[in-house]
file entry30.cif (mmCIF, C-alpha atoms)
data_my_file
#
loop_
_atom_site.label_atom_id
_atom_site.label_comp_id
_atom_site.auth_asym_id
_atom_site.auth_seq_id
_atom_site.Cartn_x
_atom_site.Cartn_y
_atom_site.Cartn_z
CA TRP A 188 20.08 -9.09 -28.79
CA TYR A 189 18.57 -8.94 -32.27
CA GLN A 190 16.62 -5.74 -31.49
CA ARG A 191 19.75 -4.05 -30.07
CA ARG A 192 21.74 -4.99 -33.19
CA VAL A 193 19.08 -3.87 -35.70
CA HIS A 194 17.70 -0.71 -34.04
CA GLY A 195 20.69 0.38 -31.97
CA LYS A 196 21.43 0.75 -28.27
CA GLN A 197 19.41 3.97 -27.73
CA TRP A 198 16.22 2.57 -29.31
CA TYR A 199 16.56 -0.58 -27.21
CA GLN A 200 17.00 1.39 -23.97
CA ARG A 201 13.86 3.48 -24.67
CA ARG A 202 11.84 0.33 -25.41
CA VAL A 203 13.00 -1.61 -22.34
CA HIS A 204 13.23 1.13 -19.69
CA GLY A 205 10.71 3.68 -21.00
CA LYS A 206 10.89 7.28 -22.13
CA GLN A 207 11.35 8.78 -18.65
CA TRP A 208 14.33 6.53 -17.82
CA TYR A 209 15.90 7.31 -21.19
CA GLN A 210 15.53 11.08 -20.71
CA ARG A 211 17.22 10.88 -17.32
CA ARG A 212 20.08 8.84 -18.77
CA VAL A 213 20.64 11.03 -21.86
CA HIS A 214 20.10 14.51 -20.42
CA GLY A 215 21.09 13.87 -16.80
CA LYS A 216 19.32 13.95 -13.46
CA GLN A 217 19.31 17.76 -13.15
CA TRP A 218 17.72 18.30 -16.60
CA TYR A 219 15.02 15.71 -15.82
CA GLN A 220 14.20 17.25 -12.44
CA ARG A 221 13.81 20.71 -14.00
CA ARG A 222 11.57 19.28 -16.74
CA VAL A 223 9.27 17.34 -14.40
CA HIS A 224 9.05 19.63 -11.36
CA GLY A 225 9.76 23.05 -12.86
CA LYS A 226 12.44 25.66 -12.31
CA GLN A 227 11.29 26.80 -8.85
CA TRP A 228 11.26 23.25 -7.39
CA TYR A 229 14.73 22.62 -8.80
CA GLN A 230 16.13 25.84 -7.30
CA ARG A 231 14.74 24.91 -3.88
CA ARG A 232 16.28 21.43 -4.09
CA VAL A 233 19.70 22.70 -5.24
CA HIS A 234 20.04 25.85 -3.11
CA GLY A 235 18.06 24.80 -0.05
CA GLU A 236 14.69 25.80 1.34
CA PHE A 237 15.50 29.51 1.55
CA ARG A 238 16.87 31.25 -1.50
CA SER A 239 17.00 34.75 -2.91
CA ASN A 240 13.81 36.20 -4.23
CA PRO A 241 13.86 35.56 -8.02
CA LYS A 242 11.83 38.75 -8.58
CA ARG A 243 14.11 40.95 -6.52
CA GLU A 244 14.67 43.28 -9.45
CA ASN A 245 11.00 44.29 -9.17
CA ILE A 246 11.29 45.29 -5.49
CA PRO A 247 11.97 49.01 -5.01
CA GLU A 248 14.98 50.05 -2.98
CA LEU A 249 13.97 51.30 0.46
CA SER A 250 15.64 54.06 2.38
CA CYS A 251 15.89 54.24 6.16
CA LEU A 252 15.85 58.02 6.17
CA PRO A 253 12.79 59.36 7.96
CA ASP A 254 11.89 61.72 5.11
CA LYS A 255 11.94 58.89 2.57
CA MET A 256 10.30 56.13 4.60
CA PHE A 257 7.20 54.87 2.85
CA TRP A 258 5.41 52.17 4.84
CA PRO A 259 2.95 51.10 2.12
CA ALA A 260 5.96 50.25 -0.04
CA VAL A 261 7.39 48.18 2.82
CA ALA A 262 4.11 46.27 3.18
CA ALA A 263 3.93 45.67 -0.59
CA THR A 264 7.51 44.38 -0.61
CA LEU A 265 6.86 41.93 2.22
CA SER A 266 3.66 40.78 0.54
CA LEU A 267 5.54 40.07 -2.70
CA VAL A 268 8.23 38.07 -0.91
CA LEU A 269 5.63 36.03 0.99
CA THR A 270 3.68 35.40 -2.21
CA VAL A 271 6.73 34.06 -4.02
CA ARG A 272 7.59 31.91 -1.00
CA ALA A 273 4.01 30.52 -0.88
CA GLU A 274 4.15 29.63 -4.58
CA ASP A 275 7.35 27.69 -3.98
CA ASP A 276 5.77 25.80 -1.06
CA GLN A 277 2.86 24.69 -3.21
CA ILE A 278 5.07 22.85 -5.70
CA LEU A 279 7.46 21.23 -3.22
CA GLN A 280 7.27 17.47 -3.83
CA ASP A 281 8.17 14.81 -1.25
CA ASP A 282 11.01 12.50 -2.21
CA PRO A 283 9.74 8.88 -2.33
CA CYS A 284 13.25 7.57 -1.67
CA LEU A 285 13.08 9.14 1.79
CA ALA A 286 9.68 7.58 2.59
CA LYS A 287 9.36 4.27 4.42
CA THR A 288 7.13 2.77 1.72
CA LYS A 289 9.25 4.25 -1.11
CA VAL A 290 6.03 5.55 -2.65
CA VAL A 291 4.33 8.97 -2.19
CA GLY A 292 1.41 10.72 -3.81
CA ASP A 293 1.98 13.66 -6.10
CA VAL A 294 1.64 17.01 -4.37
CA GLN A 295 -0.35 18.59 -7.22
CA TYR A 296 -2.36 15.79 -8.86
CA CYS A 297 -4.38 13.11 -7.07
CA ASP A 298 -4.12 10.61 -9.93
CA ARG A 299 -0.31 10.55 -9.92
CA TYR A 300 2.29 9.13 -7.57
CA TRP A 301 6.06 8.85 -7.21
CA GLU A 302 7.96 5.62 -6.62
CA CYS A 303 11.62 5.18 -5.73
CA GLU A 304 13.35 2.92 -8.25
CA PHE A 305 17.08 2.24 -8.09
CA GLY A 306 17.49 5.20 -5.75
CA GLU A 307 15.74 7.70 -8.04
CA PRO A 308 12.13 9.04 -8.02
CA GLU A 309 9.94 7.95 -10.94
CA LEU A 310 6.54 9.45 -11.82
CA TYR A 311 3.52 7.21 -12.54
CA ASP A 312 -0.12 7.77 -13.45
CA CYS A 313 -3.04 5.81 -12.01
CA PRO A 314 -5.26 3.98 -14.50
CA ASN A 315 -7.71 6.39 -16.10
CA GLY A 316 -10.57 7.08 -13.69
CA LEU A 317 -8.70 6.08 -10.51
CA VAL A 318 -6.79 8.11 -7.90
CA TRP A 319 -3.81 7.30 -5.70
CA VAL A 320 -4.78 6.14 -2.19
CA GLY A 321 -1.65 4.37 -0.92
CA LYS A 322 0.66 1.44 -1.44
CA ASN A 323 -1.06 -1.98 -1.34
CA GLN A 324 -4.49 -0.30 -1.30
CA GLY A 325 -7.26 0.23 -3.83
CA ILE A 326 -8.10 -1.98 -6.79
CA ALA A 327 -5.04 -1.47 -9.00
CA ASP A 328 -1.46 -0.66 -7.94
CA GLY A 329 -2.45 1.56 -5.01
CA CYS A 330 -5.18 3.36 -6.99
CA ASP A 331 -8.92 3.26 -6.29
CA TYR A 332 -12.28 4.76 -7.25
CA PRO A 333 -12.34 8.46 -6.23
CA TRP A 334 -15.85 8.27 -4.79
CA ARG A 335 -14.62 5.83 -2.13
CA HIS A 336 -12.30 8.54 -0.77
CA SER A 337 -14.16 11.84 -0.67
CA ASN A 338 -11.21 13.96 0.51
CA ILE A 339 -8.47 12.37 -1.56
CA CYS A 340 -8.56 15.09 -4.24
CA LYS A 341 -9.07 18.01 -1.87
CA ASN A 342 -6.99 20.98 -3.09
CA LYS A 343 -5.64 18.82 -5.93
CA ASP A 344 -6.40 18.44 -9.63
CA LEU A 345 -6.57 15.51 -12.02
CA ALA A 346 -3.61 15.28 -14.36
CA ASN A 347 -5.40 13.16 -16.97
CA PRO A 348 -8.73 13.84 -18.72
CA PRO A 349 -11.36 11.09 -19.05
CA GLN A 350 -10.93 8.50 -21.78
CA SER A 351 -14.41 7.36 -22.71
CA THR A 352 -15.57 4.17 -24.38
CA GLU A 353 -19.02 2.72 -24.98
CA HIS A 354 -20.95 2.81 -21.64
CA CYS A 355 -17.80 4.00 -19.81
CA ASP A 356 -17.17 7.65 -18.92
CA TRP A 357 -13.65 6.65 -17.78
CA LEU A 358 -11.64 3.52 -18.55
CA TYR A 359 -12.14 2.36 -14.94
CA GLY A 360 -15.29 2.95 -12.91
CA ILE A 361 -18.90 2.02 -12.16
CA PHE A 362 -21.57 3.88 -14.10
CA GLY A 363 -25.36 3.95 -14.30
CA HIS A 364 -27.27 2.34 -17.13
CA GLU A 365 -28.63 4.59 -19.87
CA THR A 366 -32.20 3.22 -19.84
CA SER A 367 -32.70 1.21 -16.64
CA TYR A 368 -32.46 1.89 -12.90
CA THR A 369 -32.04 -1.81 -12.12
CA ARG A 370 -28.90 -2.20 -14.22
CA TYR A 371 -25.46 -0.56 -14.27
CA TRP A 372 -22.03 -0.89 -15.90
CA THR A 373 -18.68 -1.86 -14.40
CA CYS A 374 -15.77 -0.73 -16.57
CA TRP A 375 -12.29 -2.23 -16.49
CA ASN A 376 -9.74 -0.81 -18.92
CA GLY A 377 -12.57 0.50 -21.08
CA THR A 378 -14.49 -2.79 -21.29
CA ALA A 379 -18.05 -2.50 -19.92
CA THR A 380 -19.82 -5.38 -18.18
CA GLU A 381 -23.55 -5.15 -17.50
CA GLN A 382 -24.61 -5.79 -13.88
CA PHE A 383 -28.10 -6.20 -12.37
CA CYS A 384 -29.69 -5.11 -9.11
CA ILE A 385 -31.97 -7.80 -7.65
CA GLY A 386 -34.58 -8.02 -4.90
CA GLY A 387 -36.30 -4.75 -5.82
CA LEU A 388 -33.11 -2.68 -5.44
CA LEU A 389 -32.12 0.19 -7.73
CA TYR A 390 -28.77 1.58 -8.74
CA ASN A 391 -27.64 4.54 -6.63
CA GLU A 392 -25.46 7.06 -8.50
CA GLU A 393 -23.97 8.43 -5.28
CA THR A 394 -22.85 5.12 -3.77
CA HIS A 395 -22.30 3.36 -7.12
CA ALA A 396 -24.13 0.30 -5.79
CA CYS A 397 -27.61 -1.19 -5.53
CA ASP A 398 -29.76 0.40 -2.84
CA TRP A 399 -33.31 0.59 -1.53
CA PRO A 400 -35.64 2.65 -3.77
CA GLN A 401 -36.24 5.28 -1.06
CA ASN A 402 -32.51 6.05 -1.02
CA VAL A 403 -32.17 6.52 -4.75
#

call {"tool": "encode", "arguments": {"input": "entry30.cif", "output": "structure tokens"}}
result
Amino acid sequence: WYQRRVHGKQWYQRRVHGKQWYQRRVHGKQWYQRRVHGKQWYQRRVHGEFRSNPKRENIPELSCLPDKMFWPAVAATLSLVLTVRAEDDQILQDDPCLAKTKVVGDVQYCDRYWECEFGEPELYDCPNGLVWVGKNQGIADGCDYPWRHSNICKNKDLANPPQSTEHCDWLYGIFGHETSYTRYWTCWNGTATEQFCIGGLLYNEETHACDWPQNV
């Protein structure tokens, strides 16, 4: 109550609900969808799956008269339409509110996911160094080490760059020791903890675990 009275209602809403919620409330659902997904995604959602070609002004008019028929132009026109349609398909995002689990991975980035909250989709990032693998899976809120899931980032990018700290290439992960093959680092939120391989085992960079020397 004190914070609302001193800083105002808008400041309090941003602090409690977050920037994304506040943008949706102030600017409206349509503005937020255009900002997050882009113009093409929004047009597909509003007008349906099939809509007019936004680059139609660049397509030459074709004549059906035999003396003016130019088949290369026809092929180029069809190619342009299919290219625009393919670009739209690549950015089409599943609605988490229609999914059974109410959570879906982002269609473009493997370290992001969408969750349905109060009937509206909300975008979240995995902790730095982790990727989305599914609800109630992984080590933190459905996110896990990428090397445990070799195909999880296939045809996708990472939305967030690495945030490095001492001994940690990412805030979350398991990394080799700088000077020893029998030691390694486990990083949790940027804090590194030194671990040891015992029984003659060495740290394996590929499996991120202790292994027999002949496998390292």

call {"tool": "resolve_selection", "arguments": {"input": "entry30.cif", "expression": "the PyMOL selection byres ((chain A and resi 388-402) around 12)", "output": "list in words"}}
result
Tyr332, Pro333, Trp334, Arg335, His336, Ser337, Gly360, Ile361, Phe362, Gly363, His364, Glu365, Thr366, Ser367, Tyr368, Thr369, Arg370, Tyr371, Trp372, Thr373, Gln382, Phe383, Cys384, Ile385, Gly386, Gly387 and Val403 of chain A

call {"tool": "resolve_selection", "arguments": {"input": "entry30.cif", "expression": "the PyMOL selection byres ((chain A and resi 316-331) around 6)", "output": "number ranges by chain"}}
result
A: 297-298, 313-315, 332-333, 357, 359

call {"tool": "atom_distance", "arguments": {"input": "entry30.cif", "atom1": "CA of Pro308 (chain A)", "atom2": "CA of Gln350 (chain A)"}}
result
26.9 Å

call {"tool": "resolve_selection", "arguments": {"input": "entry30.cif", "expression": "the PyMOL selection byres ((chain A and resi 378) around 9)", "output": "PyMOL selection string"}}
result
chain A and resi 352-355+358-359+373-377+379-380

call {"tool": "atom_distance", "arguments": {"input": "entry30.cif", "atom1": "CA of Ile339 (chain A)", "atom2": "CA of Pro283 (chain A)"}}
result
18.6 Å

call {"tool": "atom_distance", "arguments": {"input": "entry30.cif", "atom1": "CA of Leu285 (chain A)", "atom2": "CA of Asn342 (chain A)"}}
result
23.8 Å

call {"tool": "closest_residue", "arguments": {"input": "entry30.cif", "among": "A:Pro348, A:Glu381, A:Trp301, A:Tyr296", "to": "Asp281 (chain A)", "atoms": "all atoms listed in the file"}}
result
A:Trp301

call {"tool": "build_atoms", "arguments": {"input": "entry30.cif", "residues": "region 362-377 of chain A", "atoms": "N, CA, C and O atoms", "output": "PDB file, in the coordinates of the input"}}
result
ATOM      1  N   PHE A 362     -20.716   2.850 -13.533  1.00  0.00           N
ATOM      2  CA  PHE A 362     -21.570   3.880 -14.100  1.00  0.00           C
ATOM      3  C   PHE A 362     -23.006   3.374 -14.266  1.00  0.00           C
ATOM      4  O   PHE A 362     -23.236   2.183 -14.496  1.00  0.00           O
ATOM      5  N   GLY A 363     -23.965   4.292 -14.163  1.00  0.00           N
ATOM      6  CA  GLY A 363     -25.360   3.950 -14.300  1.00  0.00           C
ATOM      7  C   GLY A 363     -25.735   3.549 -15.727  1.00  0.00           C
ATOM      8  O   GLY A 363     -25.075   3.950 -16.693  1.00  0.00           O
ATOM      9  N   HIS A 364     -26.786   2.780 -15.827  1.00  0.00           N
ATOM     10  CA  HIS A 364     -27.270   2.340 -17.130  1.00  0.00           C
ATOM     11  C   HIS A 364     -28.027   3.480 -17.800  1.00  0.00           C
ATOM     12  O   HIS A 364     -28.641   4.320 -17.137  1.00  0.00           O
ATOM     13  N   GLU A 365     -28.009   3.495 -19.125  1.00  0.00           N
ATOM     14  CA  GLU A 365     -28.630   4.590 -19.870  1.00  0.00           C
ATOM     15  C   GLU A 365     -30.163   4.528 -19.834  1.00  0.00           C
ATOM     16  O   GLU A 365     -30.837   5.574 -19.917  1.00  0.00           O
ATOM     17  N   THR A 366     -30.746   3.337 -19.716  1.00  0.00           N
ATOM     18  CA  THR A 366     -32.200   3.220 -19.840  1.00  0.00           C
ATOM     19  C   THR A 366     -32.874   2.511 -18.668  1.00  0.00           C
ATOM     20  O   THR A 366     -34.097   2.408 -18.645  1.00  0.00           O
ATOM     21  N   SER A 367     -32.104   1.998 -17.716  1.00  0.00           N
ATOM     22  CA  SER A 367     -32.700   1.210 -16.640  1.00  0.00           C
ATOM     23  C   SER A 367     -32.086   1.566 -15.300  1.00  0.00           C
ATOM     24  O   SER A 367     -30.875   1.777 -15.187  1.00  0.00           O
ATOM     25  N   TYR A 368     -32.928   1.628 -14.251  1.00  0.00           N
ATOM     26  CA  TYR A 368     -32.460   1.890 -12.900  1.00  0.00           C
ATOM     27  C   TYR A 368     -32.066   0.590 -12.164  1.00  0.00           C
ATOM     28  O   TYR A 368     -31.505   0.647 -11.082  1.00  0.00           O
ATOM     29  N   THR A 369     -32.382  -0.536 -12.755  1.00  0.00           N
ATOM     30  CA  THR A 369     -32.040  -1.810 -12.120  1.00  0.00           C
ATOM     31  C   THR A 369     -30.773  -2.427 -12.705  1.00  0.00           C
ATOM     32  O   THR A 369     -30.388  -3.524 -12.331  1.00  0.00           O
ATOM     33  N   ARG A 370     -30.131  -1.714 -13.616  1.00  0.00           N
ATOM     34  CA  ARG A 370     -28.900  -2.200 -14.220  1.00  0.00           C
ATOM     35  C   ARG A 370     -27.824  -1.111 -14.157  1.00  0.00           C
ATOM     36  O   ARG A 370     -28.132   0.067 -14.035  1.00  0.00           O
ATOM     37  N   TYR A 371     -26.573  -1.520 -14.254  1.00  0.00           N
ATOM     38  CA  TYR A 371     -25.460  -0.560 -14.270  1.00  0.00           C
ATOM     39  C   TYR A 371     -24.256  -1.220 -14.951  1.00  0.00           C
ATOM     40  O   TYR A 371     -24.283  -2.417 -15.264  1.00  0.00           O
ATOM     41  N   TRP A 372     -23.227  -0.423 -15.189  1.00  0.00           N
ATOM     42  CA  TRP A 372     -22.030  -0.890 -15.900  1.00  0.00           C
ATOM     43  C   TRP A 372     -20.804  -0.840 -15.002  1.00  0.00           C
ATOM     44  O   TRP A 372     -20.586   0.143 -14.309  1.00  0.00           O
ATOM     45  N   THR A 373     -20.007  -1.897 -15.012  1.00  0.00           N
ATOM     46  CA  THR A 373     -18.680  -1.860 -14.400  1.00  0.00           C
ATOM     47  C   THR A 373     -17.656  -1.865 -15.536  1.00  0.00           C
ATOM     48  O   THR A 373     -17.720  -2.710 -16.433  1.00  0.00           O
ATOM     49  N   CYS A 374     -16.738  -0.899 -15.486  1.00  0.00           N
ATOM     50  CA  CYS A 374     -15.770  -0.730 -16.570  1.00  0.00           C
ATOM     51  C   CYS A 374     -14.368  -1.035 -16.082  1.00  0.00           C
ATOM     52  O   CYS A 374     -13.933  -0.502 -15.044  1.00  0.00           O
ATOM     53  N   TRP A 375     -13.667  -1.867 -16.805  1.00  0.00           N
ATOM     54  CA  TRP A 375     -12.290  -2.230 -16.490  1.00  0.00           C
ATOM     55  C   TRP A 375     -11.457  -2.104 -17.763  1.00  0.00           C
ATOM     56  O   TRP A 375     -11.647  -2.829 -18.718  1.00  0.00           O
ATOM     57  N   ASN A 376     -10.569  -1.111 -17.755  1.00  0.00           N
ATOM     58  CA  ASN A 376      -9.740  -0.810 -18.920  1.00  0.00           C
ATOM     59  C   ASN A 376     -10.583  -0.553 -20.167  1.00  0.00           C
ATOM     60  O   ASN A 376     -10.225  -0.948 -21.283  1.00  0.00           O
ATOM     61  N   GLY A 377     -11.721   0.113 -19.961  1.00  0.00           N
ATOM     62  CA  GLY A 377     -12.570   0.500 -21.080  1.00  0.00           C
ATOM     63  C   GLY A 377     -13.569  -0.545 -21.521  1.00  0.00           C
ATOM     64  O   GLY A 377     -14.385  -0.286 -22.410  1.00  0.00           O
TER      65      GLY A 377
END
